[in-house]
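Chemist: Data: model_8.cif, mmCIF, C-alpha atoms.
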```
data_protein
#
loop_
_atom_site.label_atom_id
_atom_site.label_comp_id
_atom_site.auth_asym_id
_atom_site.auth_seq_id
_atom_site.Cartn_x
_atom_site.Cartn_y
_atom_site.Cartn_z
CA MET T 1 -31.98 79.20 -44.82
CA LEU T 2 -31.33 82.17 -42.59
CA LEU T 3 -32.65 82.03 -39.04
CA SER T 4 -33.88 84.97 -37.05
CA ARG T 5 -32.56 85.24 -33.51
CA ARG T 6 -35.94 86.50 -32.30
CA LYS T 7 -37.77 83.54 -33.84
CA LEU T 8 -35.37 80.78 -32.79
CA LYS T 9 -36.99 79.33 -29.72
CA LEU T 10 -37.58 75.60 -29.42
CA GLU T 11 -39.81 74.04 -26.79
CA THR T 12 -39.38 70.62 -25.20
CA GLU T 13 -41.55 68.98 -22.57
CA ARG T 14 -39.78 70.83 -19.74
CA MET T 15 -37.53 73.44 -21.33
CA THR T 16 -37.20 76.36 -23.69
CA LEU T 17 -34.13 76.24 -25.91
CA ARG T 18 -33.14 79.76 -26.91
CA ALA T 19 -30.19 81.88 -27.91
CA PRO T 20 -28.06 83.20 -25.03
CA LEU T 21 -28.78 86.73 -23.81
CA HIS T 22 -26.46 89.22 -22.10
CA THR T 23 -28.68 88.90 -19.01
CA ASP T 24 -27.70 85.20 -18.77
CA PHE T 25 -24.19 86.13 -17.64
CA ARG T 26 -24.60 85.58 -13.88
CA PRO T 27 -26.55 82.29 -14.15
CA TRP T 28 -24.04 81.04 -16.75
CA VAL T 29 -21.00 81.90 -14.59
CA SER T 30 -22.64 80.35 -11.56
CA LEU T 31 -23.47 77.12 -13.39
CA ARG T 32 -20.09 76.81 -15.13
CA SER T 33 -18.21 77.60 -11.88
CA ALA T 34 -20.19 75.08 -9.84
CA SER T 35 -19.67 72.43 -12.56
CA ARG T 36 -16.01 73.15 -13.35
CA ALA T 37 -14.58 69.82 -12.15
CA PHE T 38 -17.46 67.96 -13.83
CA LEU T 39 -16.93 69.68 -17.22
CA ILE T 40 -13.17 70.16 -17.56
CA PRO T 41 -12.28 66.52 -18.39
CA TRP T 42 -14.56 66.64 -21.46
CA GLU T 43 -14.04 70.17 -22.82
CA PRO T 44 -11.36 72.24 -24.54
CA ALA T 45 -9.15 74.00 -21.97
CA TRP T 46 -10.80 77.06 -20.46
CA SER T 47 -9.02 80.32 -21.24
CA GLU T 48 -7.94 82.54 -18.34
CA ASP T 49 -10.91 84.84 -19.02
CA HIS T 50 -13.42 82.01 -19.67
CA LEU T 51 -15.79 83.20 -16.93
CA SER T 52 -15.39 86.93 -17.60
CA ARG T 53 -18.21 89.23 -18.68
CA LYS T 54 -16.24 90.18 -21.81
CA ALA T 55 -15.80 86.55 -22.87
CA PHE T 56 -19.50 85.90 -22.25
CA SER T 57 -20.50 89.00 -24.26
CA ASN T 58 -18.33 87.76 -27.13
CA ARG T 59 -20.11 84.40 -26.87
CA VAL T 60 -23.52 86.12 -27.11
CA TYR T 61 -22.42 88.20 -30.13
CA TRP T 62 -21.04 85.07 -31.83
CA ALA T 63 -24.32 83.23 -31.15
CA ASN T 64 -26.37 86.04 -32.68
CA ARG T 65 -24.15 86.30 -35.76
CA SER T 66 -24.13 82.52 -36.25
CA ILE T 67 -27.89 82.17 -35.93
CA ASN T 68 -28.51 85.07 -38.31
CA ALA T 69 -26.02 83.67 -40.83
CA GLY T 70 -27.47 80.16 -40.55
CA THR T 71 -24.09 78.64 -39.69
CA ALA T 72 -24.86 77.55 -36.11
CA MET T 73 -27.63 77.32 -33.52
CA PRO T 74 -26.12 77.96 -30.06
CA LEU T 75 -28.95 77.49 -27.56
CA PHE T 76 -29.27 77.65 -23.80
CA LEU T 77 -31.43 75.09 -22.00
CA VAL T 78 -33.81 76.95 -19.69
CA ARG T 79 -36.21 75.03 -17.46
CA ARG T 80 -39.65 76.58 -17.87
CA GLU T 81 -40.93 75.99 -14.33
CA ASP T 82 -38.31 78.24 -12.71
CA GLN T 83 -36.26 79.77 -15.59
CA MET T 84 -33.16 77.89 -14.34
CA LEU T 85 -30.26 77.66 -16.80
CA LEU T 86 -29.38 73.95 -17.13
CA GLY T 87 -26.72 73.88 -19.86
CA ALA T 88 -26.32 74.50 -23.57
CA ILE T 89 -26.54 72.73 -26.91
CA THR T 90 -25.08 73.91 -30.21
CA LEU T 91 -25.69 72.73 -33.72
CA ASP T 92 -22.53 74.12 -35.30
CA ASN T 93 -20.70 73.94 -38.60
CA ILE T 94 -24.01 73.83 -40.52
CA ARG T 95 -23.10 72.95 -44.08
CA ARG T 96 -25.29 73.42 -47.12
CA GLY T 97 -24.76 72.18 -50.66
CA PRO T 98 -24.24 68.46 -51.08
CA ALA T 99 -23.46 67.84 -47.38
CA LEU T 100 -26.59 69.20 -45.64
CA ALA T 101 -24.99 68.43 -42.29
CA GLY T 102 -24.17 69.91 -38.92
CA THR T 103 -22.18 69.04 -35.81
CA LEU T 104 -23.79 68.74 -32.39
CA GLY T 105 -22.11 69.73 -29.12
CA TYR T 106 -23.57 70.08 -25.64
CA TRP T 107 -22.90 70.45 -21.93
CA THR T 108 -25.02 70.38 -18.82
CA GLY T 109 -24.44 71.60 -15.31
CA GLU T 110 -23.47 68.83 -12.89
CA ALA T 111 -26.59 69.34 -10.75
CA PHE T 112 -28.81 68.66 -13.78
CA ALA T 113 -26.97 65.71 -15.32
CA ARG T 114 -28.68 62.36 -15.81
CA GLN T 115 -32.20 63.80 -15.49
CA GLY T 116 -33.17 63.52 -19.17
CA TYR T 117 -32.82 67.22 -19.96
CA MET T 118 -30.10 66.81 -22.56
CA ARG T 119 -31.89 63.95 -24.28
CA GLU T 120 -34.96 66.20 -24.64
CA ALA T 121 -32.74 68.94 -26.05
CA ILE T 122 -30.90 66.66 -28.49
CA GLU T 123 -34.09 65.11 -29.83
CA THR T 124 -35.68 68.56 -30.27
CA VAL T 125 -32.66 70.08 -32.04
CA VAL T 126 -32.26 67.05 -34.32
CA HIS T 127 -35.97 67.15 -35.22
CA TYR T 128 -35.70 70.88 -35.96
CA ALA T 129 -32.55 70.36 -38.05
CA PHE T 130 -34.16 67.64 -40.17
CA ASN T 131 -37.61 69.18 -40.54
CA HIS T 132 -36.96 72.95 -40.59
CA LEU T 133 -33.35 73.32 -41.74
CA ASP T 134 -33.62 70.42 -44.22
CA LEU T 135 -30.36 68.88 -43.00
CA SER T 136 -29.69 65.24 -43.77
CA ARG T 137 -26.97 64.39 -41.25
CA ILE T 138 -26.15 65.44 -37.68
CA GLU T 139 -22.73 64.45 -36.37
CA ALA T 140 -21.45 64.27 -32.81
CA ALA T 141 -18.20 63.17 -31.21
CA CYS T 142 -17.08 62.38 -27.67
CA LEU T 143 -14.17 60.87 -25.82
CA PRO T 144 -14.21 57.05 -25.89
CA GLU T 145 -14.27 56.86 -22.08
CA ASN T 146 -17.23 59.25 -21.77
CA ALA T 147 -19.79 56.49 -21.21
CA ALA T 148 -22.51 58.97 -20.19
CA SER T 149 -22.25 60.94 -23.44
CA ARG T 150 -22.00 57.81 -25.58
CA GLY T 151 -25.09 56.35 -23.94
CA LEU T 152 -26.95 59.64 -24.35
CA LEU T 153 -26.17 59.78 -28.07
CA GLU T 154 -27.19 56.15 -28.59
CA ARG T 155 -30.46 56.62 -26.66
CA SER T 156 -31.11 59.71 -28.82
CA GLY T 157 -30.88 57.67 -32.02
CA PHE T 158 -27.28 58.36 -32.99
CA LYS T 159 -25.25 55.46 -34.34
CA TYR T 160 -21.56 54.78 -33.82
CA GLU T 161 -19.55 55.36 -36.99
CA GLY T 162 -15.89 55.14 -36.05
CA VAL T 163 -12.89 56.85 -34.52
CA ALA T 164 -11.16 60.15 -35.30
CA GLN T 165 -7.54 60.32 -34.17
CA SER T 166 -6.45 63.58 -32.48
CA TYR T 167 -9.90 65.04 -33.19
CA LEU T 168 -10.01 67.89 -30.64
CA GLN T 169 -7.87 69.43 -27.94
CA ILE T 170 -9.55 68.53 -24.66
CA ASP T 171 -8.26 69.83 -21.37
CA GLY T 172 -5.12 71.03 -23.18
CA ARG T 173 -4.12 67.97 -25.24
CA TRP T 174 -5.10 66.35 -28.53
CA ARG T 175 -7.59 63.55 -27.93
CA THR T 176 -9.04 60.80 -30.08
CA HIS T 177 -12.85 60.80 -30.24
CA VAL T 178 -15.53 58.32 -31.21
CA LEU T 179 -17.87 59.54 -33.93
CA TYR T 180 -21.64 59.23 -34.04
CA ALA T 181 -24.28 60.39 -36.52
CA SER T 182 -28.02 60.66 -36.87
CA LEU T 183 -29.38 60.52 -40.42
CA ARG T 184 -32.72 61.93 -41.49
CA ASN T 185 -33.58 58.81 -43.50
CA ASP T 186 -31.57 56.27 -41.54
CA ARG T 187 -31.87 52.74 -42.86
CA ARG T 188 -28.84 51.45 -41.00
CA GLY T 189 -29.35 48.60 -38.58
CA ARG T 190 -28.48 48.85 -34.93
CA THR T 191 -24.76 49.07 -34.18
CA ALA T 192 -22.94 48.29 -30.99
CA ALA T 193 -20.23 50.71 -29.91
CA LYS T 194 -16.87 49.07 -29.46
#
```
Just dump the structure as structure tokens.
Modeler:
Amino acid sequence: MLLSRRKLKLETERMTLRAPLHTDFRPWVSLRSASRAFLIPWEPAWSEDHLSRKAFSNRVYWANRSINAGTAMPLFLVRREDQMLLGAITLDNIRRGPALAGTLGYWTGEAFARQGYMREAIETVVHYAFNHLDLSRIEAACLPENAASRGLLERSGFKYEGVAQSYLQIDGRWRTHVLYASLRNDRRGRTAAK
């Protein structure tokens, strides 16, 4: 299923989730800069030009291509009451055929953390993926010590599935991650993360 960039706009109780625009550059740089220390322990190492206009433009072009190709849904979280950029969520690596799966990633600015915004976004994207993209499985991974992200995934209906050794390079080194998944027709019982 191909998505149209113009049509891809999801609404939550408090936010609009939409593709990034070139005009988002200044709010994005401001939010990422103000949240640098908060984000760096959990993300791949930032390149030297991470906050440059060129890097952001490349990000916008990638988002548009990915949405139009149906391979990813990179979305910005924009609070409707004041149009404030709060963070981003991406359903990436969308796989068709027998897998019907995708991988979820997200970040939020430090000033907006722990206010329920990301849970709204996750639940909306997962609902869209199951009901409009016909996916069967949404996967997510985080560092074992990231209690906030683990709790968020569990409160959003994701279940712990295991551990992936050297899963991603985070802050410049290979890190083991814990794996979670949400299934469209989940009949699994409750699991406790170890």
Chemist: Could you tell me which residues the PyMOL selection byres ((chain T and resi 39-46) around 7) returns for this structure, as a list in words?
Modeler: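 Expected selection for the PyMOL selection byres ((chain T and resi 39-46) around 7) here is Ser35, Arg36, Ala37, Phe38, Ser47, Glu48, His50, Gln169, Ile170, Asp171 and Gly172 of chain T.
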Chemist: For Phe56 of chain T, which residue among T:Leu86, T:Leu31, T:Ile138, T:Leu21 is the nearest when counting all atoms listed in the file?
Modeler: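 Checking each of T:Leu86, T:Leu31, T:Ile138, T:Leu21 against Phe56 of chain T, counting all atoms listed in the file, the winner is T:Leu21.
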Chemist: In Å to one decimal, how far is atom CA of Met84 of chain T from atom CA of Pro27 of chain T?
Modeler: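 That distance, rounded to one decimal, is 7.9 Å.
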Chemist: Considering all atoms listed in the file, return as a list in words whatever protein or nucleic-acid residues lie within 7 Å of Tyr167 of chain T, sequence-local ones (same chain, fewer than 6 positions apart) excluded.
Modeler: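 Skipping anything fewer than 6 positions along the chain leaves Trp174, Arg175, Thr176 and His177 of chain T.
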Chemist: To verify the selection step, state as a PDB file with C-alpha atoms, in the coordinates of the input which residues the PyMOL selection byres ((chain T and resi 179) around 6) yields on this input.
Modeler:
```pdb
ATOM      1  CA  ALA T 141     -18.200  63.170 -31.210  1.00  0.00           C
ATOM      2  CA  GLU T 161     -19.550  55.360 -36.990  1.00  0.00           C
ATOM      3  CA  GLY T 162     -15.890  55.140 -36.050  1.00  0.00           C
ATOM      4  CA  VAL T 163     -12.890  56.850 -34.520  1.00  0.00           C
ATOM      5  CA  VAL T 178     -15.530  58.320 -31.210  1.00  0.00           C
ATOM      6  CA  TYR T 180     -21.640  59.230 -34.040  1.00  0.00           C
TER       7      TYR T 180
END
```
Chemist: For Phe130 of chain T, work out the shell of residues within 12 Å, counting only C-alpha atoms and skipping chain neighbours fewer than 4 positions away, then give it as an MDAnalysis selection string.
Modeler: chainID T and resid 91 94 100:102 123:126 134:138 182:186
Chemist: Within 12 Å of (-37.1, 81.8, -29.1) (coordinates as in the file), grab all the protein and nucleic acid residues, counting only C-alpha atoms, and write them out as a ChimeraX atom specification.
Modeler: /T:3-11,15-21,67,73-78
Chemist: Do you have the atom CA of Phe25 of chain T-atom CA of Ser57 of chain T distance handy?
Modeler: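 Atom-to-atom, atom CA of Phe25 of chain T and atom CA of Ser57 of chain T are spaced 8.1 Å apart.
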